[in-house]
file query_15.tsv (TSV, C-alpha atoms)
chain	number	residue	atom	x	y	z
B	23	MET	CA	-51.87	19.76	-7.13
B	24	ALA	CA	-49.91	20.92	-4.10
B	25	ILE	CA	-46.30	19.83	-4.11
B	26	CYS	CA	-44.47	19.15	-0.87
B	27	PHE	CA	-40.72	19.86	-1.20
B	28	GLN	CA	-39.69	19.56	2.42
B	29	ILE	CA	-41.41	17.06	4.70
B	30	GLN	CA	-40.57	15.74	8.10
B	31	SER	CA	-37.90	13.14	7.54
B	32	PRO	CA	-35.39	11.11	9.53
B	33	LEU	CA	-32.66	12.64	7.37
B	34	LYS	CA	-31.13	15.30	9.63
B	35	PRO	CA	-28.32	17.71	8.71
B	36	ILE	CA	-25.33	17.26	10.98
B	37	THR	CA	-22.71	19.66	12.27
B	38	PHE	CA	-19.62	18.64	14.20
B	39	PRO	CA	-16.03	19.73	14.76
B	40	SER	CA	-13.62	19.24	11.87
B	41	SER	CA	-11.36	16.21	12.06
B	42	THR	CA	-7.63	15.91	11.65
B	43	THR	CA	-7.89	12.35	10.32
B	44	LYS	CA	-5.41	11.72	7.52
B	45	ARG	CA	-6.29	9.96	4.30
B	46	VAL	CA	-4.56	6.71	3.39
B	47	PRO	CA	-3.25	5.70	-0.06
B	48	SER	CA	-4.12	2.47	-1.85
B	49	PHE	CA	-3.69	-0.64	0.26
B	50	LYS	CA	-4.45	-4.33	0.46
B	51	CYS	CA	-6.41	-5.55	3.46
B	52	LYS	CA	-4.66	-8.72	4.58
B	53	ALA	CA	-6.02	-8.67	8.13
B	54	SER	CA	-8.52	-11.24	9.29
B	55	PHE	CA	-11.05	-11.16	12.07
B	56	SER	CA	-8.61	-12.97	14.34
B	57	THR	CA	-6.69	-11.05	16.99
B	58	THR	CA	-4.25	-8.54	15.49
B	59	THR	CA	-2.56	-7.51	18.76
B	60	THR	CA	-0.61	-9.92	20.96
B	61	THR	CA	-1.05	-8.05	24.24
B	62	GLU	CA	-4.25	-6.69	25.67
B	63	LEU	CA	-4.66	-2.95	25.38
B	64	GLU	CA	-5.67	-0.50	28.09
B	65	PRO	CA	-8.39	2.03	27.22
B	66	VAL	CA	-7.24	5.63	26.79
B	67	PHE	CA	-10.76	7.05	27.08
B	68	THR	CA	-13.59	6.26	29.49
B	69	SER	CA	-16.08	7.23	26.77
B	70	VAL	CA	-16.07	8.38	23.15
B	71	LYS	CA	-18.51	9.54	20.51
B	72	SER	CA	-17.96	8.85	16.82
B	73	PHE	CA	-19.66	9.73	13.56
B	74	ALA	CA	-19.80	7.98	10.18
B	75	PRO	CA	-21.29	9.51	7.03
B	76	ALA	CA	-23.96	8.42	4.61
B	77	THR	CA	-22.70	6.90	1.37
B	78	VAL	CA	-23.75	6.57	-2.25
B	79	ALA	CA	-22.85	3.12	-3.58
B	80	ASN	CA	-22.53	1.92	-7.18
B	81	LEU	CA	-22.56	5.41	-8.71
B	82	GLY	CA	-24.33	3.98	-11.74
B	83	PRO	CA	-22.05	1.51	-13.57
B	84	GLY	CA	-19.85	0.74	-10.53
B	85	PHE	CA	-22.00	-1.98	-8.96
B	86	ASP	CA	-20.30	-3.28	-5.80
B	87	PHE	CA	-16.96	-1.58	-6.58
B	88	LEU	CA	-17.50	2.20	-6.44
B	89	GLY	CA	-18.85	4.40	-3.66
B	90	ALA	CA	-18.67	7.89	-2.20
B	91	ALA	CA	-19.26	9.49	1.20
B	92	VAL	CA	-21.78	12.30	1.67
B	93	ASP	CA	-21.22	15.25	3.99
B	94	GLY	CA	-23.63	16.18	6.77
B	95	LEU	CA	-25.70	12.98	7.04
B	96	GLY	CA	-24.93	9.88	9.05
B	97	ASP	CA	-24.98	7.96	12.33
B	98	PHE	CA	-23.45	8.56	15.75
B	99	VAL	CA	-22.17	5.97	18.22
B	100	SER	CA	-21.44	6.72	21.87
B	101	LEU	CA	-19.30	4.11	23.62
B	102	SER	CA	-18.15	3.80	27.22
B	103	ILE	CA	-16.21	1.45	29.44
B	104	ASP	CA	-18.88	-0.21	31.59
B	105	PRO	CA	-17.92	-2.36	34.63
B	106	SER	CA	-21.44	-3.84	34.64
B	107	VAL	CA	-20.86	-5.45	31.24
B	108	SER	CA	-19.05	-8.79	31.15
B	109	PRO	CA	-15.37	-8.41	30.16
B	110	GLY	CA	-14.82	-8.82	26.44
B	111	HIS	CA	-18.47	-8.15	25.66
B	112	VAL	CA	-20.52	-5.23	24.35
B	113	THR	CA	-24.12	-4.33	25.13
B	114	ILE	CA	-26.37	-1.90	23.28
B	115	SER	CA	-27.98	0.24	25.96
B	116	GLU	CA	-29.94	2.61	23.71
B	117	ILE	CA	-31.01	3.09	20.09
B	118	SER	CA	-32.56	6.36	18.97
B	119	GLY	CA	-33.87	7.31	15.54
B	120	SER	CA	-35.28	3.86	14.75
B	121	SER	CA	-37.64	1.45	16.49
B	122	LYS	CA	-36.92	-1.45	14.13
B	123	LEU	CA	-33.36	-2.30	15.15
B	124	SER	CA	-32.49	-5.12	17.52
B	125	PRO	CA	-30.63	-4.21	20.73
B	126	ASN	CA	-28.94	-7.61	20.57
B	127	PRO	CA	-25.37	-6.84	19.44
B	128	LEU	CA	-25.23	-10.11	17.50
B	129	PHE	CA	-28.07	-8.90	15.26
B	130	ASN	CA	-27.26	-5.20	15.08
B	131	CYS	CA	-24.89	-3.62	12.53
B	132	ALA	CA	-23.13	-1.51	15.14
B	133	GLY	CA	-22.90	-4.42	17.56
B	134	ILE	CA	-21.44	-6.83	15.00
B	135	ALA	CA	-18.78	-4.31	13.92
B	136	ALA	CA	-17.96	-3.45	17.55
B	137	ILE	CA	-17.45	-7.13	18.40
B	138	ALA	CA	-15.25	-7.67	15.33
B	139	THR	CA	-13.12	-4.67	16.29
B	140	MET	CA	-12.81	-5.88	19.89
B	141	LYS	CA	-11.57	-9.24	18.59
B	142	MET	CA	-8.96	-7.53	16.44
B	143	LEU	CA	-7.77	-5.54	19.45
B	144	ASN	CA	-7.77	-8.57	21.75
B	145	VAL	CA	-10.08	-6.85	24.25
B	146	ARG	CA	-10.83	-9.36	27.02
B	147	SER	CA	-10.79	-7.47	30.34
B	148	PHE	CA	-13.21	-4.64	29.64
B	149	GLY	CA	-16.92	-4.52	28.85
B	150	LEU	CA	-18.40	-1.83	26.63
B	151	SER	CA	-21.77	-0.10	26.53
B	152	LEU	CA	-22.92	1.31	23.20
B	153	LYS	CA	-25.55	3.87	22.25
B	154	LEU	CA	-26.58	4.20	18.60
B	155	GLU	CA	-28.09	7.39	17.17
B	156	LYS	CA	-29.55	6.74	13.74
B	157	GLY	CA	-29.47	9.75	11.45
B	158	LEU	CA	-30.21	7.63	8.39
B	159	PRO	CA	-33.45	5.75	7.70
B	160	LEU	CA	-33.33	2.02	7.10
B	161	GLY	CA	-33.49	0.80	3.51
B	162	SER	CA	-32.87	4.28	2.12
B	163	GLY	CA	-30.01	3.54	-0.26
B	164	LEU	CA	-27.71	5.83	1.71
B	165	GLY	CA	-25.62	3.20	3.47
B	166	SER	CA	-27.54	3.14	6.74
B	167	SER	CA	-26.10	-0.16	7.94
B	168	ALA	CA	-22.57	0.82	6.88
B	169	ALA	CA	-22.76	4.12	8.76
B	170	SER	CA	-23.68	2.31	11.99
B	171	ALA	CA	-20.94	-0.27	11.49
B	172	ALA	CA	-18.27	2.30	10.62
B	173	ALA	CA	-19.11	4.52	13.57
B	174	ALA	CA	-19.02	1.55	15.96
B	175	ALA	CA	-15.71	0.22	14.63
B	176	VAL	CA	-14.09	3.64	14.93
B	177	ALA	CA	-15.47	4.14	18.45
B	178	VAL	CA	-14.03	0.85	19.71
B	179	ASN	CA	-10.71	1.52	18.02
B	180	GLU	CA	-10.45	5.04	19.45
B	181	ILE	CA	-11.35	4.09	23.02
B	182	PHE	CA	-8.37	1.70	22.99
B	183	GLY	CA	-5.89	4.13	21.45
B	184	ALA	CA	-6.58	3.93	17.70
B	185	LYS	CA	-4.25	0.98	17.06
B	186	LEU	CA	-6.05	-0.28	13.94
B	187	GLY	CA	-5.71	1.19	10.46
B	188	VAL	CA	-8.57	2.00	8.14
B	189	ASP	CA	-8.05	-1.30	6.29
B	190	GLN	CA	-8.86	-3.27	9.45
B	191	LEU	CA	-11.78	-0.97	10.29
B	192	VAL	CA	-13.24	-1.62	6.84
B	193	LEU	CA	-12.90	-5.37	7.43
B	194	ALA	CA	-14.68	-5.08	10.78
B	195	GLY	CA	-17.51	-3.17	9.14
B	196	LEU	CA	-17.58	-5.58	6.24
B	197	GLU	CA	-18.31	-8.45	8.62
B	198	SER	CA	-21.41	-6.52	9.68
B	199	GLU	CA	-22.43	-5.78	6.09
B	200	ALA	CA	-22.02	-9.43	5.12
B	201	LYS	CA	-24.54	-10.50	7.75
B	202	VAL	CA	-27.05	-7.77	6.95
B	203	SER	CA	-27.03	-7.08	3.22
B	204	GLY	CA	-24.25	-9.05	1.55
B	205	TYR	CA	-20.48	-9.03	1.19
B	206	HIS	CA	-19.98	-5.71	-0.57
B	207	ALA	CA	-17.68	-2.87	0.46
B	208	ASP	CA	-18.97	0.01	-1.66
B	209	ASN	CA	-20.74	1.52	1.36
B	210	ILE	CA	-18.50	0.56	4.27
B	211	ALA	CA	-15.24	1.58	2.55
B	212	PRO	CA	-16.25	5.19	1.84
B	213	ALA	CA	-18.05	5.36	5.21
B	214	VAL	CA	-14.73	4.60	6.94
B	215	MET	CA	-12.36	6.32	4.52
B	216	GLY	CA	-14.38	9.23	3.14
B	217	GLY	CA	-14.32	10.54	-0.42
B	218	PHE	CA	-14.65	8.30	-3.46
B	219	VAL	CA	-13.36	4.73	-3.11
B	220	LEU	CA	-12.70	2.04	-5.70
B	221	ILE	CA	-12.81	-1.58	-4.54
B	222	LYS	CA	-10.09	-3.07	-6.74
B	223	SER	CA	-10.41	-6.61	-5.37
B	224	TYR	CA	-12.41	-8.57	-2.81
B	225	ASP	CA	-9.98	-11.47	-2.38
B	226	PRO	CA	-7.86	-10.04	-0.95
B	227	LEU	CA	-9.81	-6.88	-0.21
B	228	GLU	CA	-7.94	-4.08	-1.98
B	229	LEU	CA	-9.13	-0.48	-1.80
B	230	LYS	CA	-8.11	2.62	-3.74
B	231	PRO	CA	-9.10	6.15	-2.66
B	232	LEU	CA	-10.01	8.31	-5.65
B	233	ILE	CA	-9.09	11.90	-4.85
B	234	PHE	CA	-11.56	14.44	-6.20
B	235	PRO	CA	-9.72	17.78	-6.66
B	236	GLN	CA	-10.11	20.18	-3.73
B	237	ASN	CA	-10.64	23.18	-6.00
B	238	GLN	CA	-13.63	21.69	-7.83
B	239	GLU	CA	-17.24	22.00	-6.70
B	240	LEU	CA	-19.38	18.87	-6.51
B	241	PHE	CA	-22.85	18.57	-5.04
B	242	PHE	CA	-24.99	15.46	-4.60
B	243	ILE	CA	-28.74	16.02	-4.94
B	244	LEU	CA	-30.32	13.33	-2.77
B	245	VAL	CA	-34.07	12.78	-3.04
B	246	SER	CA	-35.45	10.18	-0.64
B	247	PRO	CA	-39.08	9.05	-1.06
B	248	GLU	CA	-41.25	7.55	1.65
B	249	PHE	CA	-40.61	4.04	0.41
B	250	GLU	CA	-38.36	1.29	1.74
B	251	ALA	CA	-36.19	-0.76	-0.59
B	252	PRO	CA	-34.42	-3.49	1.41
B	253	THR	CA	-31.00	-4.24	-0.02
B	254	LYS	CA	-31.50	-8.02	-0.08
B	255	LYS	CA	-34.74	-7.64	-2.04
B	256	MET	CA	-33.18	-5.24	-4.53
B	257	ARG	CA	-30.16	-7.50	-5.03
B	258	ALA	CA	-32.49	-10.44	-5.71
B	259	ALA	CA	-33.90	-8.53	-8.70
B	260	LEU	CA	-30.57	-8.51	-10.51
B	261	PRO	CA	-29.77	-10.85	-13.42
B	262	ALA	CA	-27.53	-13.85	-12.80
B	263	GLU	CA	-25.88	-13.40	-16.21
B	264	ILE	CA	-25.36	-10.47	-18.58
B	265	GLY	CA	-24.52	-10.17	-22.26
B	266	MET	CA	-21.08	-9.17	-23.51
B	267	PRO	CA	-22.24	-5.83	-25.04
B	268	HIS	CA	-23.65	-4.64	-21.71
B	269	HIS	CA	-20.54	-5.86	-19.91
B	270	VAL	CA	-18.27	-3.89	-22.24
B	271	TRP	CA	-20.47	-0.80	-22.01
B	272	ASN	CA	-20.62	-0.76	-18.22
B	273	CYS	CA	-16.88	-1.36	-17.92
B	274	SER	CA	-16.13	1.57	-20.23
B	275	GLN	CA	-18.52	3.84	-18.32
B	276	ALA	CA	-17.08	2.84	-14.95
B	277	GLY	CA	-13.64	3.71	-16.31
B	278	ALA	CA	-14.98	7.05	-17.53
B	279	LEU	CA	-16.46	7.72	-14.09
B	280	VAL	CA	-13.14	7.04	-12.33
B	281	ALA	CA	-11.32	9.30	-14.79
B	282	SER	CA	-13.90	12.04	-14.24
B	283	VAL	CA	-13.51	11.84	-10.46
B	284	LEU	CA	-9.73	12.12	-10.65
B	285	GLU	CA	-9.94	15.02	-13.14
B	286	GLY	CA	-12.68	16.86	-11.23
B	287	ASP	CA	-14.90	16.64	-14.31
B	288	VAL	CA	-18.41	16.85	-12.83
B	289	VAL	CA	-20.08	16.85	-16.25
B	290	GLY	CA	-18.27	13.66	-17.23
B	291	LEU	CA	-19.01	12.16	-13.83
B	292	GLY	CA	-22.71	12.84	-14.29
B	293	LYS	CA	-22.75	11.37	-17.78
B	294	ALA	CA	-21.12	8.16	-16.57
B	295	LEU	CA	-23.35	8.08	-13.49
B	296	SER	CA	-26.41	7.93	-15.75
B	297	SER	CA	-25.10	5.21	-18.05
B	298	ASP	CA	-25.72	1.91	-16.23
B	299	LYS	CA	-27.34	-0.71	-18.49
B	300	ILE	CA	-27.24	-3.66	-16.09
B	301	VAL	CA	-28.44	-2.85	-12.56
B	302	GLU	CA	-30.51	0.33	-12.81
B	303	PRO	CA	-32.86	-1.01	-15.52
B	304	LYS	CA	-33.82	-3.89	-13.20
B	305	ARG	CA	-34.18	-1.83	-10.02
B	306	ALA	CA	-35.79	1.38	-11.28
B	307	PRO	CA	-39.19	-0.24	-12.08
B	308	LEU	CA	-39.37	-1.45	-8.45
B	309	ILE	CA	-39.23	2.15	-7.16
B	310	PRO	CA	-42.44	4.04	-8.04
B	311	GLY	CA	-41.63	7.10	-10.15
B	312	MET	CA	-37.86	6.55	-10.36
B	313	GLU	CA	-37.64	6.64	-14.14
B	314	ALA	CA	-39.60	9.89	-14.24
B	315	VAL	CA	-37.43	11.34	-11.47
B	316	LYS	CA	-34.28	10.66	-13.48
B	317	LYS	CA	-35.76	12.33	-16.55
B	318	ALA	CA	-36.88	15.32	-14.47
B	319	ALA	CA	-33.44	15.73	-12.92
B	320	ILE	CA	-31.63	15.76	-16.26
B	321	LYS	CA	-34.24	18.04	-17.87
B	322	ALA	CA	-33.77	20.47	-14.97
B	323	GLY	CA	-30.03	20.63	-15.56
B	324	ALA	CA	-28.45	17.82	-13.55
B	325	PHE	CA	-25.31	16.40	-15.14
B	326	GLY	CA	-26.53	12.89	-14.34
B	327	CYS	CA	-28.85	10.87	-12.14
B	328	THR	CA	-29.16	7.29	-10.93
B	329	ILE	CA	-30.29	5.18	-7.98
B	330	SER	CA	-28.23	5.56	-4.84
B	331	GLY	CA	-27.16	2.07	-3.79
B	332	ALA	CA	-30.14	-0.26	-3.79
B	333	GLY	CA	-32.54	2.70	-3.58
B	334	PRO	CA	-35.06	4.16	-3.20
B	335	THR	CA	-33.05	7.41	-2.94
B	336	ALA	CA	-32.28	9.05	-6.27
B	337	VAL	CA	-28.93	10.81	-6.58
B	338	ALA	CA	-28.04	13.48	-9.11
B	339	VAL	CA	-24.89	15.58	-9.45
B	340	ILE	CA	-24.26	19.24	-10.20
B	341	ASP	CA	-21.54	21.82	-9.59
B	342	ASN	CA	-23.73	24.57	-8.12
B	343	GLU	CA	-25.64	24.35	-4.83
B	344	GLU	CA	-28.47	26.73	-5.78
B	345	GLU	CA	-29.01	24.92	-9.06
B	346	GLY	CA	-29.02	21.70	-7.08
B	347	LYS	CA	-31.90	22.94	-4.93
B	348	LYS	CA	-33.96	23.74	-8.04
B	349	ILE	CA	-33.23	20.34	-9.51
B	350	GLY	CA	-34.19	18.70	-6.22
B	351	GLN	CA	-37.55	20.48	-6.36
B	352	LYS	CA	-38.27	19.01	-9.79
B	353	MET	CA	-37.27	15.54	-8.61
B	354	VAL	CA	-39.59	15.79	-5.61
B	355	GLU	CA	-42.43	16.83	-7.93
B	356	ALA	CA	-41.77	13.85	-10.20
B	357	PHE	CA	-41.81	11.39	-7.29
B	358	LEU	CA	-45.18	12.76	-6.20
B	359	GLU	CA	-46.79	13.06	-9.63
B	360	GLU	CA	-45.51	9.83	-11.19
B	361	GLY	CA	-44.81	7.62	-8.19
B	362	HIS	CA	-47.39	9.04	-5.76
B	363	LEU	CA	-44.66	9.24	-3.14
B	364	ARG	CA	-43.80	12.16	-0.93
B	365	SER	CA	-40.07	12.79	-0.69
B	366	VAL	CA	-37.44	15.10	0.71
B	367	ALA	CA	-34.55	16.65	-1.21
B	368	MET	CA	-31.17	17.60	0.16
B	369	VAL	CA	-28.09	19.03	-1.55
B	370	LYS	CA	-24.84	17.84	0.02
B	371	LYS	CA	-21.10	18.00	-0.62
B	372	LEU	CA	-18.62	15.14	-0.71
B	373	ASP	CA	-17.44	14.00	2.73
B	374	ARG	CA	-13.67	13.78	2.38
B	375	VAL	CA	-12.91	12.51	5.92
B	376	GLY	CA	-15.05	9.47	6.64
B	377	ALA	CA	-15.75	7.98	10.07
B	378	ARG	CA	-14.12	9.89	12.91
B	379	LEU	CA	-13.94	10.56	16.61
B	380	ILE	CA	-15.81	13.73	17.57
B	381	GLU	CA	-15.75	13.54	21.39
B	382	GLY	CA	-13.69	11.72	23.99
B	383	VAL	CA	-13.37	11.74	27.78
B	384	PRO	CA	-9.78	10.81	28.73
B	385	ARG	CA	-9.34	8.05	31.26
call {"tool": "encode", "arguments": {"input": "query_15.tsv", "output": "structure tokens"}}
result
Amino acid sequence: MAICFQIQSPLKPITFPSSTTKRVPSFKCKASFSTTTTTELEPVFTSVKSFAPATVANLGPGFDFLGAAVDGLGDFVSLSIDPSVSPGHVTISEISGSSKLSPNPLFNCAGIAAIATMKMLNVRSFGLSLKLEKGLPLGSGLGSSAASAAAAAVAVNEIFGAKLGVDQLVLAGLESEAKVSGYHADNIAPAVMGGFVLIKSYDPLELKPLIFPQNQELFFILVSPEFEAPTKKMRAALPAEIGMPHHVWNCSQAGALVASVLEGDVVGLGKALSSDKIVEPKRAPLIPGMEAVKKAAIKAGAFGCTISGAGPTAVAVIDNEEEGKKIGQKMVEAFLEEGHLRSVAMVKKLDRVGARLIEGVPR
């Protein structure tokens, strides 16, 4: 049987200038979607372009409270001051990379986040035109909606002088996520902030960056099959109640995962990543071949493997890029042989920056 390792896919590697964005320590998000500035701001750019990375949510036992950003994959948003757009409004003039998304900003992830950010900034006298470039496929388990929302929120913030902090940008993106896939921040927080992020609380929203040591190597092996797993559908498959033994187990493994991240222990991270007894067992059977893919990844040398977010992408971890490519090959073979799905494998590093401005035309 012929095995296809690389196929044409909407997942495109991305290169862009490095950012000088600074990371932020733990904080509580006490902002609301009401106006956070008392005077209207003047734009400092006539147009900007922003980028937000793909994300891996849950990381096994961390359902809805752990996530990480992935380097080299994501969405772009181009935003400009447009006199033809009604003041205080945003229009979506173009969407590339997907034919399924609505151009109505009220029903589009980027549009919803842009509007929320405009409200926070008290923008009333300027209209904005937005172009969305999708680098992530819909329903992939790589935080597609969060990447669009994060890029849009950052673009609006930057065009008006970057007055909002990352906590408020996460809240703006979270409004979008709530309308599309549910009120969960494990994609939008790392998409905005970069790196690993722990959601300590939802009420109030409290976020904690988890700093993976700079001198340690970590690679995500991402294998995306030609199969769509809508987040709402995958969340509906989850149990309403769980037993105490599984609760205790998952809590201990989530703690082990956090410790492994902070210590730069990729082996320990992988072991914890593979340990979920609550969510993965319910979702894996809905993705053809997933259980075989996990077994193939670990047999090939991966330190651990699980479902990325709601799926269908499988994510494994390793500390060597070349080994990661070999593991990815075995995972692709398993998807084809056991799930009858073609797939594409990519080996990516951790994105430590998050959503950022990459171009701007001064006013």
call {"tool": "residues_around", "arguments": {"input": "query_15.tsv", "residues": "segment 126-136 of chain B", "least_positions_apart": "2", "cutoff": "9 Å", "atoms": "all atoms listed in the file", "output": "ChimeraX atom specification"}}
result
/B:99,112-114,123-124,138-141,152,154,167-179,191,193-199,201-202
call {"tool": "residues_around", "arguments": {"input": "query_15.tsv", "residues": "segment 371-375 of chain B", "least_positions_apart": "6", "cutoff": "12 Å", "atoms": "all atoms listed in the file", "output": "ChimeraX atom specification"}}
result
/B:35-36,39-46,73-78,89-96,188,211-219,231-236,238-244,283,338-343,346
call {"tool": "axis_aligned_box", "arguments": {"input": "query_15.tsv", "around": "segment 271-277 of chain B", "padding_each_side": "4 Å", "output": "AutoDock Vina command-line options"}}
result
--center_x -17.1 --center_y 1.2 --center_z -18.5 --size_x 15.0 --size_y 13.2 --size_z 15.1
call {"tool": "atom_distance", "arguments": {"input": "query_15.tsv", "atom1": "atom CA of Leu363 of chain B", "atom2": "atom CA of Ala336 of chain B"}}
result
12.8 Å
call {"tool": "closest_residue", "arguments": {"input": "query_15.tsv", "among": "B:Pro310, B:Pro303, B:Gly376, B:Gly292", "to": "Cys327 of chain B", "atoms": "all atoms listed in the file"}}
result
B:Gly292
call {"tool": "atom_distance", "arguments": {"input": "query_15.tsv", "atom1": "atom CA of Lys185 of chain B", "atom2": "atom CA of Gly165 of chain B"}}
result
25.4 Å
call {"tool": "atom_distance", "arguments": {"input": "query_15.tsv", "atom1": "atom CA of Val70 of chain B", "atom2": "atom CA of Val192 of chain B"}}
result
19.3 Å
call {"tool": "residues_around", "arguments": {"input": "query_15.tsv", "residues": "Ser115 of chain B", "least_positions_apart": "3", "cutoff": "8 Å", "atoms": "all atoms listed in the file", "output": "JSON, numbers by chain"}}
result
{"B": [125, 151, 152, 153]}
call {"tool": "closest_residue", "arguments": {"input": "query_15.tsv", "among": "B:Arg146, B:His206, B:His362, B:Lys317", "to": "Ser108 of chain B", "atoms": "all atoms listed in the file"}}
result
B:Arg146
call {"tool": "closest_residue", "arguments": {"input": "query_15.tsv", "among": "B:Ala200, B:Ile320, B:Leu279, B:Arg305", "to": "Leu220 of chain B", "atoms": "all atoms listed in the file"}}
result
B:Leu279
call {"tool": "closest_residue", "arguments": {"input": "query_15.tsv", "among": "B:Ile181, B:Trp271, B:Gly286, B:Ala356", "to": "Asn237 of chain B", "atoms": "all atoms listed in the file"}}
result
B:Gly286
call {"tool": "residues_around", "arguments": {"input": "query_15.tsv", "residues": "Ala306 of chain B", "least_positions_apart": "5", "cutoff": "9 Å", "atoms": "only C-alpha atoms", "output": "VMD selection string"}}
result
chain B and resid 301 311 to 313 328 to 329 333 to 334
call {"tool": "residues_around", "arguments": {"input": "query_15.tsv", "residues": "Lys254 of chain B", "least_positions_apart": "4", "cutoff": "9 Å", "atoms": "only C-alpha atoms", "output": "number ranges by chain"}}
result
B: 202-204, 258-259, 332
call {"tool": "closest_residue", "arguments": {"input": "query_15.tsv", "among": "B:Glu62, B:Glu381, B:Glu263, B:Asp86", "to": "Tyr224 of chain B", "atoms": "only C-alpha atoms"}}
result
B:Asp86
call {"tool": "closest_residue", "arguments": {"input": "query_15.tsv", "among": "B:Pro307, B:Gly187, B:Gly361, B:Gly163", "to": "Asn80 of chain B", "atoms": "only C-alpha atoms"}}
result
B:Gly163
